[in-house]
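Undergrad: Sharing start34.cif (mmCIF, C-alpha atoms) below.
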data_upload
loop_
_atom_site.label_atom_id
_atom_site.label_comp_id
_atom_site.auth_asym_id
_atom_site.auth_seq_id
_atom_site.Cartn_x
_atom_site.Cartn_y
_atom_site.Cartn_z
CA MET A 1 58.28 104.45 80.79
CA PRO A 2 58.37 102.52 77.51
CA ASP A 3 60.44 99.41 76.94
CA ASN A 4 62.40 100.47 73.85
CA ARG A 5 64.29 97.23 73.35
CA PRO A 6 63.70 96.17 69.74
CA GLN A 7 61.75 92.93 69.47
CA PRO A 8 60.14 91.18 66.54
CA PRO A 9 56.37 91.73 66.67
CA SER A 10 54.57 88.88 68.45
CA HIS A 11 51.04 90.20 68.87
CA PRO A 12 48.07 88.82 66.96
CA TRP A 13 47.55 92.16 65.23
CA SER A 14 50.99 91.92 63.61
CA SER A 15 50.90 88.30 62.49
CA PRO A 16 52.20 87.88 58.95
CA SER A 17 49.56 85.25 58.20
CA GLY A 18 47.50 86.19 55.19
CA SER A 19 50.23 88.48 53.85
CA GLY A 20 51.06 86.48 50.73
CA PRO A 21 51.00 87.74 47.16
CA ALA A 22 47.50 89.17 47.63
CA GLY A 23 48.76 91.41 50.42
CA PRO A 24 47.75 91.67 54.07
CA PRO A 25 44.11 91.25 55.11
CA PRO A 26 41.97 94.41 55.30
CA LEU A 27 42.25 96.49 58.46
CA LEU A 28 40.08 99.34 59.71
CA LEU A 29 41.70 102.07 61.82
CA CYS A 30 38.92 103.63 63.88
CA GLY A 31 38.64 107.06 65.46
CA ALA A 32 42.06 108.44 64.51
CA ARG A 33 42.72 112.17 64.58
CA LEU A 34 44.38 113.87 61.61
CA THR A 35 46.58 116.95 61.73
CA ASP A 36 43.72 119.07 60.34
CA GLY A 37 41.61 118.21 63.40
CA ARG A 38 39.26 115.71 61.77
CA THR A 39 38.50 112.38 63.45
CA VAL A 40 38.30 109.63 60.85
CA ASP A 41 38.16 105.94 60.08
CA VAL A 42 40.75 104.63 57.63
CA ARG A 43 40.34 101.32 55.79
CA LEU A 44 43.50 99.59 54.58
CA GLY A 45 43.70 96.81 52.02
CA GLY A 46 46.24 95.40 49.61
CA GLY A 47 48.99 97.46 51.20
CA ARG A 48 47.26 100.76 50.42
CA ILE A 49 44.69 103.10 51.92
CA GLU A 50 41.34 102.12 50.45
CA ALA A 51 39.07 104.71 52.05
CA VAL A 52 39.02 107.55 54.57
CA GLY A 53 35.70 108.59 56.12
CA THR A 54 34.31 110.41 59.11
CA ALA A 55 34.49 108.48 62.37
CA GLY A 56 31.99 105.65 62.37
CA SER A 57 31.17 105.86 58.67
CA LEU A 58 33.16 102.77 57.64
CA VAL A 59 32.34 100.55 60.62
CA ALA A 60 29.16 98.98 59.22
CA ASP A 61 30.85 97.84 56.00
CA ALA A 62 33.81 96.52 57.99
CA THR A 63 31.51 94.56 60.29
CA ARG A 64 29.69 92.92 57.38
CA ALA A 65 32.99 92.01 55.73
CA CYS A 66 34.54 90.79 59.03
CA VAL A 67 37.38 93.29 58.66
CA ALA A 68 39.76 93.52 61.62
CA ARG A 69 39.54 96.79 63.53
CA LEU A 70 42.03 98.79 65.55
CA ASP A 71 40.75 101.56 67.83
CA LEU A 72 42.96 104.64 67.52
CA THR A 73 40.95 106.90 69.80
CA GLY A 74 43.41 109.36 71.33
CA TYR A 75 46.00 108.85 68.61
CA LEU A 76 47.23 111.20 65.88
CA LEU A 77 47.59 109.42 62.51
CA LEU A 78 50.50 110.50 60.33
CA PRO A 79 52.40 109.35 57.25
CA ALA A 80 55.16 107.11 58.57
CA PRO A 81 58.61 108.69 58.84
CA ALA A 82 61.61 107.36 56.94
CA GLU A 83 65.29 107.27 57.90
CA PRO A 84 67.49 108.63 55.07
CA HIS A 85 70.81 108.54 56.95
CA ALA A 86 71.60 105.45 59.01
CA HIS A 87 74.90 103.62 59.58
CA ALA A 88 73.75 100.04 59.95
CA ASP A 89 77.22 98.46 59.87
CA THR A 90 78.47 100.36 62.93
CA ALA A 91 75.18 100.90 64.82
CA LEU A 92 74.97 99.72 68.44
CA SER A 93 78.74 99.21 68.65
CA ALA A 94 79.64 101.89 71.22
CA ASP A 95 79.94 99.39 74.07
CA GLU A 96 82.06 96.89 72.16
CA PRO A 97 85.59 96.53 73.56
CA GLY A 98 88.30 97.47 71.11
CA PRO A 99 87.73 98.27 67.43
CA VAL A 100 84.30 97.79 65.88
CA SER A 101 83.84 94.22 64.70
CA HIS A 102 83.38 93.81 60.95
CA ASP A 103 82.59 90.12 61.28
CA PRO A 104 79.55 89.59 59.00
CA GLN A 105 77.54 87.86 61.72
CA ASP A 106 78.12 90.75 64.12
CA VAL A 107 77.25 93.31 61.44
CA GLN A 108 74.06 91.48 60.47
CA ARG A 109 72.97 91.20 64.11
CA ARG A 110 73.61 94.89 64.80
CA ALA A 111 72.00 96.02 61.54
CA THR A 112 68.87 93.95 62.21
CA GLU A 113 68.56 95.14 65.81
CA ALA A 114 69.10 98.77 64.78
CA ALA A 115 66.48 98.56 62.03
CA LEU A 116 63.95 97.05 64.44
CA LEU A 117 64.67 99.77 66.98
CA GLN A 118 64.10 102.47 64.37
CA LEU A 119 61.02 100.67 63.09
CA GLY A 120 59.63 100.84 66.61
CA HIS A 121 60.12 104.60 66.47
CA GLY A 122 58.12 104.68 63.24
CA ALA A 123 60.65 104.50 60.39
CA THR A 124 59.26 101.98 57.90
CA ALA A 125 62.03 102.68 55.35
CA LEU A 126 65.73 103.18 56.01
CA ARG A 127 68.79 104.04 53.93
CA ALA A 128 71.93 102.48 55.42
CA HIS A 129 75.37 103.83 54.54
CA VAL A 130 77.85 100.93 54.54
CA ARG A 131 81.64 101.10 54.26
CA VAL A 132 83.10 98.95 51.48
CA GLY A 133 86.75 98.17 50.84
CA ASP A 134 89.62 98.48 53.31
CA MET A 135 89.29 96.07 56.26
CA ALA A 136 85.56 95.50 55.77
CA GLY A 137 85.87 94.48 52.12
CA LEU A 138 82.39 93.55 50.95
CA GLY A 139 81.56 91.52 54.06
CA ALA A 140 79.73 94.33 55.86
CA LEU A 141 77.64 95.11 52.80
CA ARG A 142 76.79 91.44 52.34
CA ALA A 143 75.70 91.27 55.98
CA VAL A 144 73.49 94.36 55.74
CA LEU A 145 71.88 93.00 52.57
CA ARG A 146 71.09 89.78 54.46
CA ALA A 147 69.56 91.87 57.24
CA ALA A 148 67.45 93.69 54.65
CA ARG A 149 66.11 90.40 53.32
CA SER A 150 65.26 89.19 56.82
CA LEU A 151 63.29 92.39 57.46
CA ARG A 152 61.05 92.14 54.39
CA GLY A 153 57.47 92.73 55.36
CA LEU A 154 58.53 94.74 58.42
CA ALA A 155 60.64 97.53 56.94
CA GLU A 156 62.46 98.47 53.75
CA LEU A 157 66.24 98.71 54.14
CA ALA A 158 68.25 100.14 51.23
CA THR A 159 72.06 100.27 51.16
CA VAL A 160 74.58 102.93 50.13
CA ALA A 161 78.04 101.67 49.16
CA MET A 162 80.73 103.94 50.66
CA PRO A 163 84.34 103.40 49.51
CA ARG A 164 87.03 105.39 51.30
CA VAL A 165 89.35 106.33 48.41
CA LEU A 166 88.61 106.40 44.67
CA THR A 167 91.58 108.33 43.21
CA GLY A 168 95.28 107.66 42.76
CA ALA A 169 96.91 104.23 43.05
CA ALA A 170 94.76 103.20 46.01
CA GLY A 171 91.65 104.42 44.24
CA ALA A 172 91.78 101.70 41.59
CA ASP A 173 91.00 99.06 44.21
CA GLY A 174 88.28 101.27 45.72
CA LEU A 175 86.61 101.76 42.35
CA ALA A 176 86.67 98.01 41.67
CA VAL A 177 85.09 97.33 45.07
CA LEU A 178 82.45 99.99 44.45
CA ARG A 179 81.43 98.37 41.16
CA ASP A 180 81.32 94.96 42.84
CA ALA A 181 79.14 96.45 45.57
CA VAL A 182 76.64 97.67 42.97
CA LYS A 183 76.58 94.23 41.34
CA MET A 184 76.01 92.68 44.77
CA GLY A 185 72.91 94.78 45.38
CA ALA A 186 73.82 98.20 46.74
CA SER A 187 71.04 100.48 45.51
CA VAL A 188 72.80 103.83 46.04
CA VAL A 189 76.35 104.99 45.25
CA GLY A 190 77.94 107.14 47.92
CA GLY A 191 80.94 107.95 50.02
CA CYS A 192 82.80 110.85 51.58
CA PRO A 193 84.84 112.92 49.09
CA ASP A 194 86.27 115.00 51.95
CA LEU A 195 88.43 111.97 52.95
CA ASP A 196 89.94 111.45 49.48
CA PRO A 197 93.17 113.28 48.51
CA ASP A 198 91.32 114.43 45.39
CA PRO A 199 87.71 115.25 46.39
CA THR A 200 86.78 116.38 42.88
CA GLY A 201 88.12 113.19 41.33
CA TYR A 202 86.23 111.17 43.95
CA VAL A 203 82.95 112.85 43.06
CA GLU A 204 83.60 112.30 39.34
CA ALA A 205 84.14 108.57 39.96
CA VAL A 206 80.97 108.28 42.04
CA LEU A 207 78.84 110.16 39.52
CA GLU A 208 80.21 108.11 36.63
CA THR A 209 79.48 104.82 38.41
CA ALA A 210 75.99 105.96 39.39
CA SER A 211 75.25 107.11 35.84
CA GLU A 212 76.41 103.78 34.38
CA HIS A 213 73.94 101.87 36.56
CA GLY A 214 71.12 104.43 36.79
CA LEU A 215 71.46 104.72 40.56
CA PRO A 216 71.06 107.70 42.91
CA VAL A 217 74.01 109.29 44.71
CA ASP A 218 74.33 110.02 48.43
CA LEU A 219 77.51 111.79 49.53
CA HIS A 220 78.80 112.70 52.98
CA THR A 221 80.33 116.14 53.33
CA ASP A 222 80.76 118.56 56.18
CA ALA A 223 80.41 121.40 53.63
CA SER A 224 82.94 123.58 55.45
CA ASP A 225 84.68 124.43 52.14
CA PRO A 226 82.17 126.49 50.10
CA ALA A 227 84.24 126.39 46.92
CA ARG A 228 84.48 122.60 47.03
CA LEU A 229 80.77 122.32 47.77
CA ALA A 230 79.94 124.63 44.86
CA ARG A 231 82.00 122.44 42.51
CA LEU A 232 80.28 119.34 43.84
CA ALA A 233 76.84 120.88 43.31
CA ALA A 234 77.72 121.95 39.77
CA MET A 235 78.97 118.46 38.91
CA ALA A 236 75.91 116.77 40.41
CA GLY A 237 73.32 119.15 38.98
CA GLY A 238 70.72 117.44 36.85
CA LEU A 239 71.85 113.88 37.58
CA ARG A 240 68.94 111.47 37.63
CA PRO A 241 67.61 109.78 39.71
CA GLY A 242 69.07 112.35 42.09
CA VAL A 243 71.85 113.46 44.42
CA THR A 244 71.71 113.79 48.20
CA LEU A 245 74.31 115.54 50.35
CA GLY A 246 74.67 115.48 54.11
CA PRO A 247 75.09 116.38 56.87
CA CYS A 248 76.51 119.76 55.70
CA GLY A 249 76.95 121.01 59.27
CA GLY A 250 79.95 123.13 58.24
CA LEU A 251 77.59 125.56 56.51
CA SER A 252 76.60 126.84 59.95
CA ALA A 253 80.15 128.07 60.59
CA LEU A 254 80.41 130.08 57.37
CA PRO A 255 79.73 133.83 57.20
CA SER A 256 76.05 134.37 56.52
CA ASP A 257 76.57 135.85 53.04
CA VAL A 258 78.84 132.97 51.99
CA ALA A 259 76.42 130.40 53.37
CA ALA A 260 73.53 132.08 51.54
CA ARG A 261 75.38 132.02 48.20
CA THR A 262 76.28 128.38 48.74
CA ALA A 263 72.67 127.55 49.53
CA ASP A 264 71.61 129.25 46.29
CA ARG A 265 74.02 127.04 44.34
CA LEU A 266 72.68 123.90 46.02
CA ALA A 267 69.13 124.92 45.16
CA ALA A 268 70.07 125.62 41.53
CA ALA A 269 71.71 122.19 41.26
CA GLY A 270 68.55 120.48 42.56
CA VAL A 271 70.35 118.44 45.20
CA THR A 272 68.74 117.39 48.49
CA VAL A 273 70.43 118.06 51.82
CA VAL A 274 69.91 115.57 54.65
CA CYS A 275 70.72 117.25 57.95
CA LEU A 276 71.37 115.45 61.26
CA PRO A 277 69.76 117.43 64.11
CA GLN A 278 70.67 114.75 66.67
CA GLY A 279 74.42 114.93 66.01
CA GLY A 280 76.98 114.00 63.39
CA CYS A 281 78.36 110.72 62.14
CA GLY A 282 81.82 109.26 61.77
CA ALA A 283 81.91 109.76 58.00
CA ALA A 284 81.96 113.58 58.24
CA ASP A 285 83.78 115.94 60.56
CA GLY A 286 81.93 118.24 62.91
CA ARG A 287 78.73 117.96 64.91
CA ASP A 288 77.03 121.22 63.99
CA ALA A 289 73.58 120.98 62.44
CA ALA A 290 73.08 122.42 58.96
CA PRO A 291 71.34 125.85 58.84
CA VAL A 292 67.97 124.45 57.86
CA ARG A 293 66.04 127.73 57.70
CA LEU A 294 68.67 129.32 55.46
CA LEU A 295 68.66 126.31 53.14
CA ARG A 296 64.86 126.21 53.03
CA ALA A 297 64.71 129.95 52.31
CA ALA A 298 67.00 129.39 49.31
CA GLY A 299 64.71 126.68 47.99
CA VAL A 300 66.89 123.69 48.88
CA ARG A 301 65.04 120.44 49.54
CA VAL A 302 65.94 119.55 53.13
CA ALA A 303 65.23 116.23 54.82
CA ALA A 304 66.41 115.08 58.24
CA GLY A 305 68.01 111.86 59.43
CA SER A 306 69.28 110.42 62.68
CA GLY A 307 72.91 109.67 61.85
CA SER A 308 74.86 107.63 64.35
CA LEU A 309 72.97 105.16 66.51
CA ARG A 310 74.97 104.39 69.64
CA ASP A 311 78.35 104.03 67.96
CA VAL A 312 81.62 105.79 68.72
CA SER A 313 80.44 108.96 66.96
CA ASN A 314 77.34 109.26 69.13
CA PRO A 315 77.16 106.68 71.96
CA VAL A 316 73.71 107.94 73.01
CA GLY A 317 72.12 108.24 69.55
CA ARG A 318 68.46 107.23 69.56
CA GLY A 319 67.70 106.83 65.88
CA ASP A 320 64.29 108.41 66.45
CA PRO A 321 62.85 110.45 63.55
CA LEU A 322 60.42 112.22 65.88
CA GLU A 323 63.31 113.43 68.01
CA ALA A 324 64.93 114.81 64.85
CA ALA A 325 61.68 116.64 64.05
CA TYR A 326 61.42 117.87 67.63
CA LEU A 327 64.93 119.36 67.42
CA LEU A 328 64.16 121.05 64.09
CA ALA A 329 61.13 122.70 65.68
CA SER A 330 62.75 123.43 69.04
CA CYS A 331 66.24 124.53 67.95
CA GLN A 332 65.88 125.58 64.30
CA GLY A 333 62.54 127.35 64.54
CA LEU A 334 60.63 125.25 62.02
CA SER A 335 56.91 124.81 62.46
CA PRO A 336 55.90 121.36 63.76
CA GLU A 337 54.37 120.60 60.36
CA ASP A 338 57.52 121.57 58.45
CA ALA A 339 59.72 119.72 60.94
CA TYR A 340 57.72 116.52 60.63
CA ALA A 341 57.70 116.78 56.83
CA ALA A 342 61.51 116.74 56.95
CA VAL A 343 61.48 113.24 58.47
CA SER A 344 58.50 111.94 56.52
CA THR A 345 57.45 113.44 53.18
CA ARG A 346 60.81 114.96 52.26
CA ALA A 347 62.80 112.04 53.67
CA ARG A 348 60.81 109.61 51.53
CA ALA A 349 61.32 111.84 48.47
CA ALA A 350 65.07 111.94 49.11
CA MET A 351 65.06 108.13 49.18
CA GLY A 352 63.05 107.85 45.96
CA LEU A 353 60.01 106.38 47.73
CA SER A 354 56.35 106.93 46.92
CA GLU A 355 54.61 109.78 48.70
CA VAL A 356 52.35 108.87 51.62
CA ARG A 357 49.25 110.83 52.58
CA VAL A 358 46.33 109.77 54.76
CA GLU A 359 44.14 109.64 51.67
CA ALA A 360 42.65 106.88 49.54
CA GLY A 361 45.08 105.38 47.04
CA PHE A 362 48.31 106.11 48.92
CA PRO A 363 50.61 103.48 50.45
CA ALA A 364 49.50 102.27 53.88
CA ASP A 365 52.71 103.28 55.69
CA LEU A 366 51.45 105.12 58.74
CA LEU A 367 52.39 106.11 62.27
CA ALA A 368 49.86 106.56 65.04
CA VAL A 369 51.16 108.60 68.00
CA ARG A 370 49.21 109.26 71.17
CA GLY A 371 48.40 112.96 71.25
CA ASP A 372 45.82 115.48 70.14
CA GLY A 373 48.01 117.37 67.70
CA LEU A 374 51.43 117.44 66.07
CA PRO A 375 53.11 119.68 68.70
CA ALA A 376 52.03 117.29 71.47
CA ALA A 377 53.09 114.28 69.42
CA LEU A 378 56.59 115.67 68.88
CA SER A 379 56.88 116.66 72.52
CA LEU A 380 55.61 113.48 74.21
CA ALA A 381 55.72 110.74 71.58
CA TYR A 382 55.72 107.79 73.95
CA SER A 383 52.98 105.47 72.65
CA ARG A 384 53.25 104.58 68.96
CA ILE A 385 51.68 102.15 66.52
CA VAL A 386 53.50 101.57 63.23
CA VAL A 387 51.82 100.36 60.03
CA HIS A 388 53.83 99.16 57.04
CA GLY A 389 52.29 97.76 53.90
CA GLY A 390 48.84 97.79 55.46
CA ARG A 391 49.55 95.83 58.64
CA VAL A 392 50.70 96.74 62.12
CA VAL A 393 54.38 95.86 62.44
CA ALA A 394 55.43 97.52 65.71
CA ARG A 395 53.83 98.91 68.82
CA THR A 396 55.20 100.81 71.81
CA SER A 397 52.93 101.40 74.80
CA ALA A 398 53.70 103.76 77.65
CA VAL A 399 51.95 104.07 80.99
CA ARG A 400 52.44 107.03 83.28
CA GLU A 401 51.13 106.67 86.83
CA TYR A 402 51.09 109.05 89.80
CA ARG A 403 50.95 108.26 93.47
CA ASP A 404 47.58 109.01 95.03
CA SER A 405 47.26 112.61 96.13
CA GLU A 406 44.77 115.43 96.00
CA ALA A 407 46.40 116.76 92.81
CA SER A 408 46.09 113.43 91.02
CA GLY A 409 42.48 112.86 92.03
CA SER A 410 39.82 112.64 89.39
CA GLY A 411 38.39 115.99 90.41
CA ALA A 412 41.51 117.85 89.29
CA GLY A 413 40.88 117.06 85.62
CA LEU A 414 44.61 116.73 84.93
CA PRO A 415 45.82 115.05 81.73
CA ARG A 416 47.59 111.75 82.07
CA GLN A 417 49.38 109.36 79.75
CA GLY A 418 48.03 105.87 80.03
CA ARG A 419 46.74 102.86 78.23
CA GLY A 420 43.86 103.63 75.92
CA PRO A 421 41.45 101.26 74.28
CA ALA A 422 43.89 100.77 71.42
#
Output the file's structure as structure tokens, nothing else.
TA:
Amino acid sequence: MPDNRPQPPSHPWSSPSGSGPAGPPPLLLCGARLTDGRTVDVRLGGGRIEAVGTAGSLVADATRACVARLDLTGYLLLPAPAEPHAHADTALSADEPGPVSHDPQDVQRRATEAALLQLGHGATALRAHVRVGDMAGLGALRAVLRAARSLRGLAELATVAMPRVLTGAAGADGLAVLRDAVKMGASVVGGCPDLDPDPTGYVEAVLETASEHGLPVDLHTDASDPARLARLAAMAGGLRPGVTLGPCGGLSALPSDVAARTADRLAAAGVTVVCLPQGGCGAADGRDAAPVRLLRAAGVRVAAGSGSLRDVSNPVGRGDPLEAAYLLASCQGLSPEDAYAAVSTRARAAMGLSEVRVEAGFPADLLAVRGDGLPAALSLAYSRIVVHGGRVVARTSAVREYRDSEASGSGAGLPRQGRGPA
């Protein structure tokens, strides 16, 4: 079974040498399978995809130019997933005795380790929701921003500032901290209006702050109150650069007609819903998953995140985007293609990132998973190779072995998971 402990890459193929201002050196991915069944070579350069050709068609040019090659025979090549809903300040804290430590060194260590773990799963970009104010002050945010700087070249880590209260007497301090957080470097304004005595006033304060600084908004809500959610959607409608809501699990408990009307209002407002198929998070009540098919049928943009990563809200959270896609396909009835888009294409769109396709001209953020098709990749995604900015930044290899027997003999022709030439 794979060793999933996050470790900084140490293999020659992931060396940062040559990755200065001109970008990483060219790399040729050979013999990869695409979701449409084609087997192709993909040449990367300058952090982007330079060319895609039939298998073997780019090898001669690569040989003449001494371009490094990586054999992806047996792997499915996909746009890399992104993580739109992480909690970096509390991740990996489930086993800590007593309350979660907000010491900046502890937060930075946990945030870095969590990001590397999720990078190993394939997430080359992450959006971390960080509490500001109260006991944490701005220390946790400062620590996560330091972690983001240390991860440059490996993964992109953006931060969402989340104050607890923004209205009333206590809200004045929260609003001041929120504005300081934006000045410090938080790139998204967020929070959980459900926890404020005046949820509408909370949303107004968040939207005003985001509008002042031209930042996106990402709000936590369980969405169990359809009237409140409708007001929120109406207030957020049309805000640029965009509004994201999640995890909205409470919609699943509403009568179907009420949930459908609420979904229509969300679609009309143009907001994006980020669901959490793997479980909830501490910032929103409830653990139900949002009704993804109902939302999609109404025209709502739906992405999927992982939520809690081994903290008190979910002590066994994996932070694996492919598991989120697997659950969308297995439990919500989405096609494998639609499920994977929720953790890749639509997740990147929710985070304001450039689209990735396995086509010339697109960013070279890719995930290679051993398997002959997307259903197999979501089902048994053990071996993975992660490319960010045109270079390999993480690799997980799995070997499955069977004891000698007649069934495991070569004559049986049984499939096996093992080390390939890549």
Undergrad: Could you tell me which residues the PyMOL selection byres ((chain A and resi 347) around 9) returns for this structure, as number ranges by chain?
TA: A: 81-84, 274, 302-305, 341-346, 348-353
Undergrad: Do a neighbour search on segment 159-165 of chain A at 10 Å with only C-alpha atoms, toss out local chain neighbours closer than 6 positions, and write the hits as a count of residues only.
TA: 55
Undergrad: Nearest residue to Ser397 of chain A out of A:Ser379, A:Gly280, A:Cys30, A:Tyr75, using only C-alpha atoms?
TA: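 Residue with the minimum atom-to-atom distance to Ser397 of chain A: A:Tyr75.
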Undergrad: Pick out the closest residue to Arg261 of chain A from this set: A:Gly237, A:Gly74, A:Gly153, A:Gly299. Count only C-alpha atoms.
TA: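 Of all the options, A:Gly299 lies closest to Arg261 of chain A.
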Undergrad: When you look at Asp320 of chain A with a cut-off of 8 Å (counting all atoms listed in the file), what residues show up, excluding the ones that are within fewer than 3 positions of it in the same chain? I need them as a VMD selection string.
TA: chain A and resid 118 121 to 122 306 323 to 324
Undergrad: Have a look at atom CA of Arg293 of chain A and atom CA of Pro241 of chain A and let me know their distance in Å, one decimal.
TA: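 Separating atom CA of Arg293 of chain A from atom CA of Pro241 of chain A is a distance of 25.5 Å.
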Undergrad: Step by step, work through what the PyMOL selection byres ((chain A and resi 101) around 12) selects in the shown file, and finish by giving those residues as a list in words.
TA: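 Taken over the shown coordinates, the PyMOL selection byres ((chain A and resi 101) around 12) returns Asp89, Thr90, Ala91, Leu92, Ser93, Ala94, Asp95, Glu96, Pro97, Gly98, Pro99, Val100, His102, Asp103, Pro104, Gln105, Asp106, Val107, Gln108, Arg109, Arg110, Met135, Ala136, Gly139, Ala140 and Asp311 of chain A.
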Undergrad: Give me the result of the PyMOL selection byres ((chain A and resi 27) around 8) on this file, residue by residue, as a list in words.
TA: Pro25, Pro26, Leu28, Leu29, Arg43, Leu44, Gly45, Val67, Ala68, Arg69, Leu70, Gly390 and Arg391 of chain A
Undergrad: Take atom CA of Ala269 of chain A and atom CA of Gly242 of chain A and report the distance between them in Å, one decimal.
TA: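 So the two atoms, atom CA of Ala269 of chain A and atom CA of Gly242 of chain A, lie 10.2 Å apart.
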Undergrad: Quick one, how far is atom CA of Thr124 of chain A from atom CA of Arg395 of chain A?
TA: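 Rounded to one decimal, the two atoms are 12.6 Å apart.
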Undergrad: For each of A:Leu266, A:Ala253, A:Leu151, A:Ala329, take the minimum atom-to-atom distance to Ala114 of chain A, counting only C-alpha atoms, then give the residue where this is smallest.
TA: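 Selected residue with least distance to Ala114 of chain A: A:Leu151.
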Undergrad: Which is closer to Gly319 of chain A than all the others in A:Leu276, A:Val243, A:Ala205, A:Ala394, using only C-alpha atoms?
TA: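 So, comparing all the options, the nearest one is A:Leu276.
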